[in-house]
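To be precise, the following lines are run14.csv, and they hold CSV, N, CA and C atoms.
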chain,number,residue,atom,x,y,z
K,1,MET,N,117.4,81.6,-3.8
K,1,MET,CA,116.5,81.0,-4.7
K,1,MET,C,117.1,79.6,-5.2
K,2,ALA,N,116.3,78.6,-5.2
K,2,ALA,CA,116.7,77.3,-5.5
K,2,ALA,C,117.1,77.1,-7.0
K,3,TYR,N,117.9,76.2,-7.2
K,3,TYR,CA,118.3,75.8,-8.6
K,3,TYR,C,117.1,75.0,-9.2
K,4,VAL,N,117.1,74.9,-10.5
K,4,VAL,CA,116.1,74.1,-11.2
K,4,VAL,C,116.7,73.3,-12.3
K,5,ILE,N,116.0,72.3,-12.8
K,5,ILE,CA,116.5,71.6,-14.0
K,5,ILE,C,115.5,71.7,-15.1
K,6,ASN,N,115.9,72.2,-16.2
K,6,ASN,CA,115.1,72.3,-17.4
K,6,ASN,C,114.8,70.9,-17.9
K,7,ALA,N,113.6,70.5,-17.8
K,7,ALA,CA,113.2,69.1,-18.3
K,7,ALA,C,113.4,68.9,-19.8
K,8,ASP,N,113.3,70.0,-20.5
K,8,ASP,CA,113.5,69.8,-22.0
K,8,ASP,C,115.0,69.6,-22.3
K,9,GLU,N,115.9,70.0,-21.5
K,9,GLU,CA,117.3,69.8,-21.7
K,9,GLU,C,117.9,68.7,-21.0
K,10,CYS,N,117.2,68.1,-20.0
K,10,CYS,CA,117.8,67.1,-19.1
K,10,CYS,C,117.8,65.8,-19.9
K,11,ILE,N,119.0,65.1,-19.9
K,11,ILE,CA,119.1,63.8,-20.6
K,11,ILE,C,119.1,62.6,-19.6
K,12,ALA,N,118.8,62.9,-18.4
K,12,ALA,CA,118.6,61.9,-17.3
K,12,ALA,C,119.9,61.1,-17.1
K,13,CYS,N,121.1,61.8,-17.1
K,13,CYS,CA,122.3,61.1,-16.9
K,13,CYS,C,122.6,60.8,-15.4
K,14,GLY,N,122.0,61.6,-14.5
K,14,GLY,CA,122.2,61.4,-13.1
K,14,GLY,C,123.4,62.1,-12.5
K,15,ALA,N,124.2,62.8,-13.3
K,15,ALA,CA,125.4,63.4,-12.8
K,15,ALA,C,125.0,64.4,-11.6
K,16,CYS,N,124.0,65.1,-11.8
K,16,CYS,CA,123.6,66.1,-10.8
K,16,CYS,C,123.2,65.5,-9.5
K,17,GLU,N,122.4,64.4,-9.6
K,17,GLU,CA,122.0,63.7,-8.3
K,17,GLU,C,123.2,63.3,-7.5
K,18,ALA,N,124.2,62.7,-8.2
K,18,ALA,CA,125.3,62.2,-7.5
K,18,ALA,C,126.2,63.3,-6.9
K,19,GLU,N,126.1,64.5,-7.5
K,19,GLU,CA,127.0,65.6,-7.0
K,19,GLU,C,126.4,66.4,-5.9
K,20,CYS,N,125.0,66.4,-5.8
K,20,CYS,CA,124.3,67.2,-4.8
K,20,CYS,C,124.7,66.9,-3.4
K,21,PRO,N,125.3,67.8,-2.6
K,21,PRO,CA,125.6,67.5,-1.2
K,21,PRO,C,124.4,67.5,-0.3
K,22,GLU,N,123.3,68.0,-0.7
K,22,GLU,CA,122.1,68.1,0.1
K,22,GLU,C,121.1,67.0,-0.1
K,23,GLY,N,121.4,66.2,-1.2
K,23,GLY,CA,120.4,65.1,-1.5
K,23,GLY,C,119.1,65.7,-2.0
K,24,ALA,N,119.2,66.9,-2.7
K,24,ALA,CA,118.0,67.6,-3.1
K,24,ALA,C,117.5,67.2,-4.5
K,25,ILE,N,118.2,66.3,-5.2
K,25,ILE,CA,117.9,66.0,-6.6
K,25,ILE,C,117.4,64.5,-6.6
K,26,SER,N,116.4,64.3,-7.4
K,26,SER,CA,115.9,62.9,-7.6
K,26,SER,C,115.3,62.8,-9.0
K,27,GLU,N,115.2,61.5,-9.4
K,27,GLU,CA,114.7,61.2,-10.7
K,27,GLU,C,113.1,61.2,-10.6
K,28,ASN,N,112.5,61.7,-11.6
K,28,ASN,CA,111.0,61.7,-11.6
K,28,ASN,C,110.5,61.7,-13.1
K,29,GLY,N,110.0,60.6,-13.5
K,29,GLY,CA,109.4,60.4,-14.8
K,29,GLY,C,110.4,60.6,-15.9
K,30,GLY,N,111.7,60.1,-15.7
K,30,GLY,CA,112.7,60.1,-16.7
K,30,GLY,C,113.5,61.4,-16.8
K,31,VAL,N,113.3,62.3,-15.9
K,31,VAL,CA,114.1,63.5,-15.8
K,31,VAL,C,114.4,63.7,-14.3
K,32,TYR,N,115.4,64.6,-14.0
K,32,TYR,CA,115.7,64.9,-12.7
K,32,TYR,C,115.1,66.2,-12.2
K,33,VAL,N,114.7,66.3,-10.9
K,33,VAL,CA,114.1,67.5,-10.4
K,33,VAL,C,114.8,67.8,-9.1
K,34,ILE,N,114.8,69.1,-8.7
K,34,ILE,CA,115.4,69.6,-7.5
K,34,ILE,C,114.4,70.0,-6.5
K,35,ASP,N,114.5,69.5,-5.3
K,35,ASP,CA,113.6,69.9,-4.2
K,35,ASP,C,114.0,71.2,-3.7
K,36,ALA,N,113.2,72.3,-3.9
K,36,ALA,CA,113.6,73.6,-3.5
K,36,ALA,C,113.8,73.8,-2.0
K,37,GLU,N,113.1,73.0,-1.3
K,37,GLU,CA,113.2,73.1,0.2
K,37,GLU,C,114.6,72.6,0.7
K,38,LYS,N,115.2,71.7,-0.1
K,38,LYS,CA,116.5,71.1,0.3
K,38,LYS,C,117.7,71.9,-0.4
K,39,CYS,N,117.4,72.5,-1.5
K,39,CYS,CA,118.5,73.1,-2.3
K,39,CYS,C,119.1,74.3,-1.6
K,40,GLN,N,120.5,74.3,-1.5
K,40,GLN,CA,121.2,75.3,-0.8
K,40,GLN,C,121.9,76.3,-1.8
K,41,ASP,N,121.6,76.2,-3.1
K,41,ASP,CA,122.1,77.1,-4.1
K,41,ASP,C,123.6,77.0,-4.2
K,42,CYS,N,124.2,75.8,-4.1
K,42,CYS,CA,125.7,75.7,-4.1
K,42,CYS,C,126.2,75.7,-5.6
K,43,GLY,N,125.3,75.2,-6.5
K,43,GLY,CA,125.7,75.2,-7.9
K,43,GLY,C,126.5,73.9,-8.3
K,44,ALA,N,126.6,73.0,-7.4
K,44,ALA,CA,127.3,71.7,-7.8
K,44,ALA,C,126.6,71.0,-8.9
K,45,CYS,N,125.3,71.1,-9.0
K,45,CYS,CA,124.6,70.4,-10.1
K,45,CYS,C,124.9,71.0,-11.4
K,46,ALA,N,124.9,72.4,-11.4
K,46,ALA,CA,125.1,73.1,-12.7
K,46,ALA,C,126.6,72.9,-13.2
K,47,ASP,N,127.5,72.7,-12.2
K,47,ASP,CA,128.9,72.5,-12.6
K,47,ASP,C,129.1,71.2,-13.3
K,48,VAL,N,128.3,70.1,-13.0
K,48,VAL,CA,128.5,68.8,-13.6
K,48,VAL,C,127.5,68.5,-14.8
K,49,CYS,N,126.5,69.3,-15.0
K,49,CYS,CA,125.5,69.0,-16.0
K,49,CYS,C,126.1,69.2,-17.4
K,50,PRO,N,126.1,68.0,-18.1
K,50,PRO,CA,126.7,68.1,-19.5
K,50,PRO,C,125.9,68.9,-20.5
K,51,THR,N,124.6,69.1,-20.2
K,51,THR,CA,123.7,69.9,-21.2
K,51,THR,C,123.4,71.3,-20.7
K,52,GLY,N,123.8,71.6,-19.5
K,52,GLY,CA,123.4,73.0,-19.0
K,52,GLY,C,122.0,73.1,-18.5
K,53,ALA,N,121.4,71.9,-18.3
K,53,ALA,CA,120.0,71.9,-17.9
K,53,ALA,C,119.8,72.4,-16.5
K,54,ALA,N,120.8,72.3,-15.6
K,54,ALA,CA,120.6,72.7,-14.2
K,54,ALA,C,121.2,74.1,-14.1
K,55,GLY,N,120.4,74.9,-13.3
K,55,GLY,CA,120.9,76.3,-13.1
K,55,GLY,C,120.0,77.1,-12.2
K,56,PRO,N,120.3,78.3,-11.9
K,56,PRO,CA,119.5,79.1,-11.0
K,56,PRO,C,118.1,79.3,-11.5
K,57,ALA,N,117.1,79.3,-10.7
K,57,ALA,CA,115.7,79.6,-11.1
K,57,ALA,C,115.6,81.0,-11.6
K,58,ALA,N,114.8,81.2,-12.6
K,58,ALA,CA,114.6,82.5,-13.2
K,58,ALA,C,113.8,83.4,-12.4
Before anything else, please render the file you have as structure tokens.
Amino acid sequence: MAYVINADECIACGACEAECPEGAISENGGVYVIDAEKCQDCGACADVCPTGAAGPAA
């Protein structure tokens, strides 16, 4: 299951995008989103997210 970013918690810092080894994260409308097709569930985005917005999909 792909990771997701909670738009309500995202502060658009870009840390997750820079850390993603698959290039699955991009900015969209002032927040970052994860492409589920590219996400490999490595957790790198969650490890660097300062607000905890990135994490496993529920």
Report task. Give me the residues within 9 Å of range 24-29 of chain K as a ChimeraX atom specification, counting only C-alpha atoms and dropping any in the same chain fewer than 5 places off. Result -> /K:12,14,16-18,34-40,45
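Taking chain K and asking which residues DSSP calls alpha helix (DSSP H) on the backbone, you get Ala15, Cys16, Glu17, Ala18, Glu19, Ala44, Cys45, Ala46, Asp47 and Val48 of chain K.
One distance worth recording is that between CA of Ala53 in chain K and CA of Asn6 in chain K, which is 4.9 Å.
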Report summary line: A straight line from atom C of Val48 in chain K to atom N of Glu19 in chain K spans 8.4 Å
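Going from atom C of Ala58 in chain K over to atom C of Asp41 in chain K, you cover 14.3 Å.
Comparing K:Cys13, K:Ala46, K:Ala57, K:Ile5 by their smallest distance to Val33 in chain K, the closest is K:Ile5 (using only N, CA and C atoms).
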**Report entry** Shortest interatomic distance to Tyr32 in chain K - which of K:Met1, K:Ala15, K:Pro56, K:Asp47, counting only C-alpha atoms
**Finding:**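 Ranking K:Met1, K:Ala15, K:Pro56, K:Asp47 by distance to Tyr32 in chain K, first place goes to K:Ala15.
Minimum atom-to-atom distances from K:Gly30, K:Asp8, K:Gly23, K:Tyr3 to Cys42 in chain K were compared using all atoms listed in the file, and the lowest value belongs to K:Tyr3.
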